[in-house]
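Undergrad: The following file, entry-v8.pdb, comprises PDB, C-alpha atoms, pLDDT in the B column:
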```pdb
ATOM      1  CA  MET A1006     316.040 212.193  13.774  1.00 90.00           C
ATOM      2  CA  ILE A1007     317.576 215.600  13.270  1.00 94.00           C
ATOM      3  CA  GLY A1008     321.297 216.003  12.872  1.00 93.00           C
ATOM      4  CA  VAL A1009     323.662 218.894  13.263  1.00 95.00           C
ATOM      5  CA  ALA A1010     325.691 218.563  10.080  1.00 93.00           C
ATOM      6  CA  LEU A1011     328.566 219.992   8.141  1.00 92.00           C
ATOM      7  CA  LEU A1012     327.234 220.581   4.621  1.00 88.00           C
ATOM      8  CA  ILE A1013     329.707 219.424   1.981  1.00 82.00           C
ATOM      9  CA  GLY A1014     330.491 221.259  -1.242  1.00 66.00           C
ATOM     10  CA  THR A1015     329.039 224.572  -0.141  1.00 51.00           C
ATOM     11  CA  GLY A1016     330.696 227.942  -0.174  1.00 45.00           C
ATOM     12  CA  LYS A1017     333.981 228.415  -2.030  1.00 42.00           C
ATOM     13  CA  SER A1018     335.117 224.929  -2.999  1.00 43.00           C
ATOM     14  CA  HIS A1019     338.054 222.862  -4.093  1.00 42.00           C
ATOM     15  CA  GLN A1020     336.547 222.522  -7.592  1.00 48.00           C
ATOM     16  CA  GLU A1021     338.157 219.166  -8.386  1.00 50.00           C
ATOM     17  CA  GLY A1022     336.768 217.591  -5.197  1.00 52.00           C
ATOM     18  CA  GLU A1023     333.334 219.090  -5.797  1.00 55.00           C
ATOM     19  CA  ASN A1024     333.290 217.791  -9.376  1.00 63.00           C
ATOM     20  CA  GLU A1025     334.299 214.315  -8.177  1.00 63.00           C
ATOM     21  CA  LEU A1026     331.588 214.293  -5.496  1.00 65.00           C
ATOM     22  CA  ASP A1027     328.950 215.412  -8.022  1.00 65.00           C
ATOM     23  CA  ALA A1028     330.015 212.669 -10.438  1.00 66.00           C
ATOM     24  CA  VAL A1029     329.815 210.036  -7.681  1.00 67.00           C
ATOM     25  CA  ARG A1030     326.305 211.184  -6.708  1.00 61.00           C
ATOM     26  CA  ARG A1031     325.102 211.219 -10.341  1.00 62.00           C
ATOM     27  CA  SER A1032     326.392 207.666 -10.900  1.00 61.00           C
ATOM     28  CA  PHE A1033     323.692 206.282  -8.617  1.00 56.00           C
ATOM     29  CA  GLY A1034     320.792 207.634 -10.665  1.00 51.00           C
ATOM     30  CA  GLY A1035     318.118 206.799  -8.095  1.00 45.00           C
ATOM     31  CA  ALA A1036     319.697 203.561  -6.839  1.00 44.00           C
ATOM     32  CA  GLY A1037     318.987 204.092  -3.163  1.00 44.00           C
ATOM     33  CA  SER A1038     319.969 207.738  -2.978  1.00 47.00           C
ATOM     34  CA  SER A1039     318.682 211.155  -3.913  1.00 44.00           C
ATOM     35  CA  GLU A1040     320.762 213.359  -6.214  1.00 41.00           C
ATOM     36  CA  ASP A1041     318.866 216.355  -4.825  1.00 45.00           C
ATOM     37  CA  THR A1042     320.105 215.736  -1.272  1.00 58.00           C
ATOM     38  CA  VAL A1043     322.850 218.036  -0.034  1.00 70.00           C
ATOM     39  CA  PRO A1044     325.830 215.854   0.922  1.00 82.00           C
ATOM     40  CA  HIS A1045     326.717 216.256   4.590  1.00 87.00           C
ATOM     41  CA  ILE A1046     328.635 214.881   7.550  1.00 91.00           C
ATOM     42  CA  THR A1047     326.395 214.496  10.592  1.00 91.00           C
ATOM     43  CA  LEU A1048     328.278 215.740  13.652  1.00 94.00           C
ATOM     44  CA  PHE A1049     325.618 214.422  16.039  1.00 92.00           C
ATOM     45  CA  ALA A1050     321.896 213.653  15.991  1.00 93.00           C
ATOM     46  CA  ALA A1051     318.936 213.766  18.352  1.00 94.00           C
ATOM     47  CA  ARG A1052     315.320 212.683  18.255  1.00 95.00           C
ATOM     48  CA  SER A1053     314.285 216.349  18.532  1.00 95.00           C
ATOM     49  CA  PHE A1054     315.573 219.826  19.316  1.00 96.00           C
ATOM     50  CA  ASP A1055     314.152 222.909  21.002  1.00 97.00           C
ATOM     51  CA  MET A1056     314.688 224.829  17.767  1.00 96.00           C
ATOM     52  CA  LYS A1057     313.961 228.212  19.327  1.00 97.00           C
ATOM     53  CA  SER A1058     317.140 227.780  21.397  1.00 97.00           C
ATOM     54  CA  ALA A1059     319.117 225.497  19.082  1.00 97.00           C
ATOM     55  CA  LYS A1060     319.000 227.713  15.966  1.00 97.00           C
ATOM     56  CA  PRO A1061     320.817 230.666  17.597  1.00 98.00           C
ATOM     57  CA  ALA A1062     323.387 228.245  19.076  1.00 97.00           C
ATOM     58  CA  LEU A1063     323.982 226.747  15.609  1.00 97.00           C
ATOM     59  CA  GLU A1064     324.381 230.213  14.090  1.00 97.00           C
ATOM     60  CA  ALA A1065     326.827 231.298  16.818  1.00 97.00           C
ATOM     61  CA  LEU A1066     328.937 228.160  16.336  1.00 97.00           C
ATOM     62  CA  ALA A1067     328.958 228.635  12.550  1.00 96.00           C
ATOM     63  CA  ARG A1068     330.069 232.252  12.929  1.00 96.00           C
ATOM     64  CA  SER A1069     332.955 231.157  15.151  1.00 96.00           C
ATOM     65  CA  CYS A1070     334.357 228.644  12.625  1.00 94.00           C
ATOM     66  CA  ALA A1071     336.230 229.054   9.378  1.00 93.00           C
ATOM     67  CA  PRO A1072     335.331 226.747   6.456  1.00 91.00           C
ATOM     68  CA  ILE A1073     336.813 223.272   6.837  1.00 91.00           C
ATOM     69  CA  THR A1074     338.538 221.153   4.224  1.00 89.00           C
ATOM     70  CA  VAL A1075     337.169 217.613   4.382  1.00 89.00           C
ATOM     71  CA  SER A1076     339.380 214.781   3.138  1.00 90.00           C
ATOM     72  CA  VAL A1077     337.497 211.896   1.503  1.00 88.00           C
ATOM     73  CA  ARG A1078     339.583 208.721   1.612  1.00 89.00           C
ATOM     74  CA  GLY A1079     337.625 205.890  -0.018  1.00 87.00           C
ATOM     75  CA  LEU A1080     334.447 203.888   0.524  1.00 88.00           C
ATOM     76  CA  GLY A1081     332.963 202.569   3.729  1.00 86.00           C
ATOM     77  CA  VAL A1082     329.945 200.508   4.763  1.00 86.00           C
ATOM     78  CA  LEU A1083     328.034 201.267   7.950  1.00 83.00           C
ATOM     79  CA  GLY A1084     325.570 198.871   9.588  1.00 79.00           C
ATOM     80  CA  GLY A1085     322.317 199.567  11.350  1.00 71.00           C
ATOM     81  CA  SER A1086     318.705 198.979  10.373  1.00 70.00           C
ATOM     82  CA  ARG A1087     319.894 199.280   6.748  1.00 74.00           C
ATOM     83  CA  LEU A1088     323.396 199.063   5.341  1.00 81.00           C
ATOM     84  CA  SER A1089     324.801 202.376   4.166  1.00 82.00           C
ATOM     85  CA  LEU A1090     327.448 202.883   1.495  1.00 84.00           C
ATOM     86  CA  SER A1091     329.457 205.955   2.397  1.00 86.00           C
ATOM     87  CA  LEU A1092     332.489 207.989   1.505  1.00 87.00           C
ATOM     88  CA  ALA A1093     334.976 207.594   4.347  1.00 89.00           C
ATOM     89  CA  VAL A1094     336.177 210.922   5.722  1.00 92.00           C
ATOM     90  CA  ALA A1095     339.468 211.451   7.567  1.00 91.00           C
ATOM     91  CA  ARG A1096     338.883 212.410  11.186  1.00 92.00           C
ATOM     92  CA  ALA A1097     341.126 215.480  11.092  1.00 92.00           C
ATOM     93  CA  PRO A1098     341.735 217.514  14.271  1.00 94.00           C
ATOM     94  CA  ARG A1099     339.638 220.529  13.106  1.00 93.00           C
ATOM     95  CA  LEU A1100     336.729 218.265  12.145  1.00 93.00           C
ATOM     96  CA  ALA A1101     336.898 216.406  15.476  1.00 93.00           C
ATOM     97  CA  ALA A1102     337.053 219.718  17.368  1.00 94.00           C
ATOM     98  CA  LEU A1103     333.988 221.001  15.490  1.00 95.00           C
ATOM     99  CA  GLN A1104     332.062 217.825  16.305  1.00 95.00           C
ATOM    100  CA  LYS A1105     332.918 218.163  20.004  1.00 95.00           C
ATOM    101  CA  ALA A1106     331.991 221.875  20.022  1.00 95.00           C
ATOM    102  CA  ALA A1107     328.668 221.146  18.285  1.00 95.00           C
ATOM    103  CA  ILE A1108     327.737 218.604  20.957  1.00 95.00           C
ATOM    104  CA  GLU A1109     328.756 220.993  23.753  1.00 95.00           C
ATOM    105  CA  GLU A1110     327.100 224.114  22.297  1.00 96.00           C
ATOM    106  CA  ILE A1111     323.965 222.685  20.644  1.00 96.00           C
ATOM    107  CA  GLY A1112     323.505 219.250  22.229  1.00 95.00           C
ATOM    108  CA  ARG A1113     321.930 220.655  25.384  1.00 96.00           C
ATOM    109  CA  PHE A1114     318.930 221.720  23.275  1.00 97.00           C
ATOM    110  CA  GLY A1115     318.341 218.197  21.960  1.00 96.00           C
ATOM    111  CA  THR A1116     316.502 215.238  23.450  1.00 95.00           C
ATOM    112  CA  GLY A1117     317.260 211.620  22.696  1.00 93.00           C
ATOM    113  CA  LEU A1118     320.862 212.150  21.541  1.00 88.00           C
ATOM    114  CA  ASP A1119     322.074 209.253  19.383  1.00 85.00           C
ATOM    115  CA  SER A1120     324.996 207.457  21.071  1.00 84.00           C
ATOM    116  CA  ASP A1121     326.542 206.603  17.664  1.00 80.00           C
ATOM    117  CA  TYR A1122     327.711 210.226  17.562  1.00 83.00           C
ATOM    118  CA  ALA A1123     329.446 210.258  20.951  1.00 83.00           C
ATOM    119  CA  VAL A1124     332.857 211.897  20.641  1.00 82.00           C
ATOM    120  CA  ASN A1125     334.764 208.592  20.955  1.00 81.00           C
ATOM    121  CA  ALA A1126     332.350 206.565  18.777  1.00 81.00           C
ATOM    122  CA  TRP A1127     331.813 208.956  15.862  1.00 84.00           C
ATOM    123  CA  VAL A1128     332.817 207.820  12.366  1.00 86.00           C
ATOM    124  CA  PRO A1129     332.736 210.804   9.970  1.00 89.00           C
ATOM    125  CA  HIS A1130     331.331 209.907   6.561  1.00 89.00           C
ATOM    126  CA  VAL A1131     329.206 211.170   3.677  1.00 87.00           C
ATOM    127  CA  ALA A1132     326.319 208.738   3.101  1.00 82.00           C
ATOM    128  CA  LEU A1133     325.758 207.844  -0.541  1.00 81.00           C
ATOM    129  CA  ALA A1134     323.067 205.165  -0.532  1.00 77.00           C
ATOM    130  CA  ALA A1135     321.285 202.650   1.667  1.00 77.00           C
ATOM    131  CA  ALA A1136     320.416 199.041   0.905  1.00 78.00           C
ATOM    132  CA  ASP A1137     318.820 196.063   2.634  1.00 79.00           C
ATOM    133  CA  SER A1138     321.420 193.438   1.722  1.00 83.00           C
ATOM    134  CA  PRO A1139     325.190 193.085   1.389  1.00 85.00           C
ATOM    135  CA  ALA A1140     324.718 192.062  -2.276  1.00 87.00           C
ATOM    136  CA  ALA A1141     322.943 195.348  -3.003  1.00 83.00           C
ATOM    137  CA  ILE A1142     325.775 197.303  -1.351  1.00 84.00           C
ATOM    138  CA  VAL A1143     328.320 195.430  -3.495  1.00 85.00           C
ATOM    139  CA  THR A1144     326.328 196.321  -6.625  1.00 84.00           C
ATOM    140  CA  LEU A1145     326.277 199.985  -5.608  1.00 81.00           C
ATOM    141  CA  ALA A1146     330.002 199.951  -4.767  1.00 84.00           C
ATOM    142  CA  GLU A1147     330.812 198.465  -8.187  1.00 84.00           C
ATOM    143  CA  LYS A1148     329.277 201.562  -9.782  1.00 79.00           C
ATOM    144  CA  LEU A1149     332.055 203.558  -8.134  1.00 79.00           C
ATOM    145  CA  SER A1150     334.986 201.425  -9.279  1.00 76.00           C
ATOM    146  CA  SER A1151     336.037 203.974 -11.916  1.00 77.00           C
ATOM    147  CA  PHE A1152     336.192 206.923  -9.494  1.00 78.00           C
ATOM    148  CA  GLU A1153     339.203 208.290  -7.648  1.00 79.00           C
ATOM    149  CA  LEU A1154     337.778 208.304  -4.137  1.00 83.00           C
ATOM    150  CA  SER A1155     340.540 210.270  -2.488  1.00 86.00           C
ATOM    151  CA  PHE A1156     339.941 214.021  -2.706  1.00 84.00           C
ATOM    152  CA  ASP A1157     339.537 217.153  -0.616  1.00 86.00           C
ATOM    153  CA  ILE A1158     336.440 219.321  -0.596  1.00 84.00           C
ATOM    154  CA  LEU A1159     335.582 222.481   1.302  1.00 84.00           C
ATOM    155  CA  SER A1160     332.640 222.693   3.651  1.00 86.00           C
ATOM    156  CA  GLY A1161     331.290 226.176   4.148  1.00 86.00           C
ATOM    157  CA  GLU A1162     328.047 225.647   6.106  1.00 91.00           C
ATOM    158  CA  LEU A1163     326.696 224.146   9.299  1.00 94.00           C
ATOM    159  CA  GLY A1164     323.045 223.147   9.459  1.00 94.00           C
ATOM    160  CA  PHE A1165     320.219 221.050  10.842  1.00 96.00           C
ATOM    161  CA  VAL A1166     319.423 218.073   8.606  1.00 92.00           C
ATOM    162  CA  GLU A1167     316.256 216.057   9.191  1.00 91.00           C
ATOM    163  CA  ALA A1168     315.881 212.402   8.215  1.00 83.00           C
ATOM    164  CA  THR A1169     312.625 211.961   6.282  1.00 82.00           C
ATOM    165  CA  ALA A1170     311.057 209.102   4.338  1.00 78.00           C
ATOM    166  CA  ASP A1171     312.202 210.837   1.133  1.00 75.00           C
ATOM    167  CA  GLY A1172     315.767 211.242   2.388  1.00 75.00           C
ATOM    168  CA  PRO A1173     317.586 213.930   4.345  1.00 81.00           C
ATOM    169  CA  ARG A1174     316.511 217.557   4.042  1.00 85.00           C
ATOM    170  CA  VAL A1175     318.197 220.709   5.290  1.00 89.00           C
ATOM    171  CA  LEU A1176     316.003 222.608   7.761  1.00 93.00           C
ATOM    172  CA  VAL A1177     318.282 225.598   8.250  1.00 93.00           C
ATOM    173  CA  SER A1178     321.948 226.358   7.633  1.00 92.00           C
ATOM    174  CA  HIS A1179     324.494 229.090   8.324  1.00 94.00           C
ATOM    175  CA  PRO A1180     327.823 229.811   6.623  1.00 93.00           C
ATOM    176  CA  LEU A1181     331.063 229.116   8.438  1.00 92.00           C
ATOM    177  CA  ASP A1182     332.562 232.575   8.445  1.00 88.00           C
ATOM    178  CA  ALA A1183     335.071 233.159  11.237  1.00 66.00           C
TER     179      ALA A1183
END
```
The structure in this file should be written as structure tokens.

TA:
Amino acid sequence: MIGVALLIGTGKSHQEGENELDAVRRSFGGAGSSEDTVPHITLFAARSFDMKSAKPALEALARSCAPITVSVRGLGVLGGSRLSLSLAVARAPRLAALQKAAIEEIGRFGTGLDSDYAVNAWVPHVALAAADSPAAIVTLAEKLSSFELSFDILSGELGFVEATADGPRVLVSHPLDA
């Protein structure tokens, strides 16, 4: 899968939020996550994209948007083939509008769009780690008990993020610079 994502902690940042996010990521130390992965919020995902057409659409959308402040508001657990421990993100009006615009402007170049990212079904989050059992998720969540998980952080880029066996990787990104 390839996602159109808001990259977190890029560009000019709210330093306190960026420091908190970095500390949270370092606390895992290889326990189901990669410290090298750029944190992101997937706006929508598809099995594939016609990148020749999708890249210019992504760049145009990024140029039309100003950086967005993302509000992290605690932990969440998402189901699926594996459980995912995530930072819950407030679904603010600007973030929701960006997600809708991304689907409208870039979605037409994708095939096999994932229905979990439909406008009314989308749950914005920053994935931290995946695990196969609820007990493993609890263990990972306990590592975060000392953190203040309510902070704001600035996102300054929009990009394509591909899911790989080694974790997500950014294929291309553009600064938000309206």

Undergrad: What is the atom CA of Met1006 of chain A to atom CA of Phe1054 of chain A distance in Å?

TA: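 Computing it gives 9.4 Å between the two atoms.
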
Undergrad: If the PyMOL selection byres ((chain A and resi 1091-1098) around 10) is run on the structure shown, which residues does it catch, given as a ChimeraX atom specification?

TA: /A:1026,1029,1046,1073-1083,1088-1090,1099-1104,1127-1135,1146,1154-1157

Undergrad: Go through the shown structure with the PyMOL selection byres ((chain A and resi 1161) around 7) and write out the matching residues as a list in words.

TA: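 When the PyMOL selection byres ((chain A and resi 1161) around 7) is applied to the shown file, the picked residues are Leu1012, Thr1015, Gly1016, Pro1072, Ile1073, Leu1159, Ser1160, Glu1162, Pro1180 and Leu1181 of chain A.
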
Undergrad: Write out as a list in words each polymer residue whose atoms come within 10 Å of Arg1113 of chain A, counting only C-alpha atoms; drop sequence neighbours fewer than 2 positions from it.

TA: Phe1054, Asp1055, Ser1058, Ala1059, Ala1062, Ala1107, Ile1108, Glu1109, Glu1110, Ile1111, Gly1115, Thr1116 and Leu1118 of chain A

Undergrad: Taking 5 positions as the minimum chain separation for residues in the same chain, which residues sit within 12 Å of Val1166 of chain A when counting all atoms listed in the file? Answer as an mmCIF file with C-alpha atoms, in the coordinates of the input.

TA:
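Contents of selection_11.cif, as written:
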```
data_model
loop_
_atom_site.group_PDB
_atom_site.id
_atom_site.type_symbol
_atom_site.label_atom_id
_atom_site.label_comp_id
_atom_site.auth_asym_id
_atom_site.auth_seq_id
_atom_site.Cartn_x
_atom_site.Cartn_y
_atom_site.Cartn_z
ATOM 1 C CA MET A 1006 316.040 212.193 13.774
ATOM 2 C CA ILE A 1007 317.576 215.600 13.270
ATOM 3 C CA GLY A 1008 321.297 216.003 12.872
ATOM 4 C CA VAL A 1009 323.662 218.894 13.263
ATOM 5 C CA ALA A 1010 325.691 218.563 10.080
ATOM 6 C CA LEU A 1011 328.566 219.992 8.141
ATOM 7 C CA LEU A 1012 327.234 220.581 4.621
ATOM 8 C CA THR A 1042 320.105 215.736 -1.272
ATOM 9 C CA VAL A 1043 322.850 218.036 -0.034
ATOM 10 C CA PRO A 1044 325.830 215.854 0.922
ATOM 11 C CA HIS A 1045 326.717 216.256 4.590
ATOM 12 C CA ILE A 1046 328.635 214.881 7.550
ATOM 13 C CA THR A 1047 326.395 214.496 10.592
ATOM 14 C CA LEU A 1048 328.278 215.740 13.652
ATOM 15 C CA PHE A 1049 325.618 214.422 16.039
ATOM 16 C CA ALA A 1050 321.896 213.653 15.991
ATOM 17 C CA ALA A 1051 318.936 213.766 18.352
ATOM 18 C CA ARG A 1052 315.320 212.683 18.255
ATOM 19 C CA SER A 1053 314.285 216.349 18.532
ATOM 20 C CA PHE A 1054 315.573 219.826 19.316
ATOM 21 C CA GLY A 1172 315.767 211.242 2.388
ATOM 22 C CA PRO A 1173 317.586 213.930 4.345
ATOM 23 C CA ARG A 1174 316.511 217.557 4.042
ATOM 24 C CA VAL A 1175 318.197 220.709 5.290
ATOM 25 C CA LEU A 1176 316.003 222.608 7.761
ATOM 26 C CA VAL A 1177 318.282 225.598 8.250
ATOM 27 C CA SER A 1178 321.948 226.358 7.633
#
```

Undergrad: Have a look at A:Thr1144, A:Gly1164, A:Ser1086, A:Ala1170 and name the one nearest to Ala1065 of chain A; count only C-alpha atoms.

TA: A:Gly1164

Undergrad: Save segment 1096-1114 of chain A to a file: C-alpha atoms, as a compact mmCIF listing (two decimals), in the first residue's frame.

TA:
```txt
# COMPACT_ATOMS: atom_id res chain seq x y z
CA ARG A 1096 -9.66 15.58 13.87
CA ALA A 1097 -9.46 19.37 13.52
CA PRO A 1098 -11.32 21.13 10.68
CA ARG A 1099 -8.12 22.02 8.73
CA LEU A 1100 -6.85 18.43 8.99
CA ALA A 1101 -10.21 17.01 7.87
CA ALA A 1102 -10.33 19.48 4.96
CA LEU A 1103 -6.82 18.47 3.87
CA GLN A 1104 -7.77 14.79 3.98
CA LYS A 1105 -10.84 15.44 1.83
CA ALA A 1106 -8.84 17.57 -0.64
CA ALA A 1107 -6.14 14.88 -0.90
CA ILE A 1108 -8.72 12.25 -1.82
CA GLU A 1109 -10.36 14.57 -4.37
CA GLU A 1110 -7.12 15.84 -5.95
CA ILE A 1111 -4.86 12.76 -5.79
CA GLY A 1112 -7.25 9.83 -5.27
CA ARG A 1113 -8.23 9.67 -8.93
CA PHE A 1114 -4.66 8.55 -9.72
```
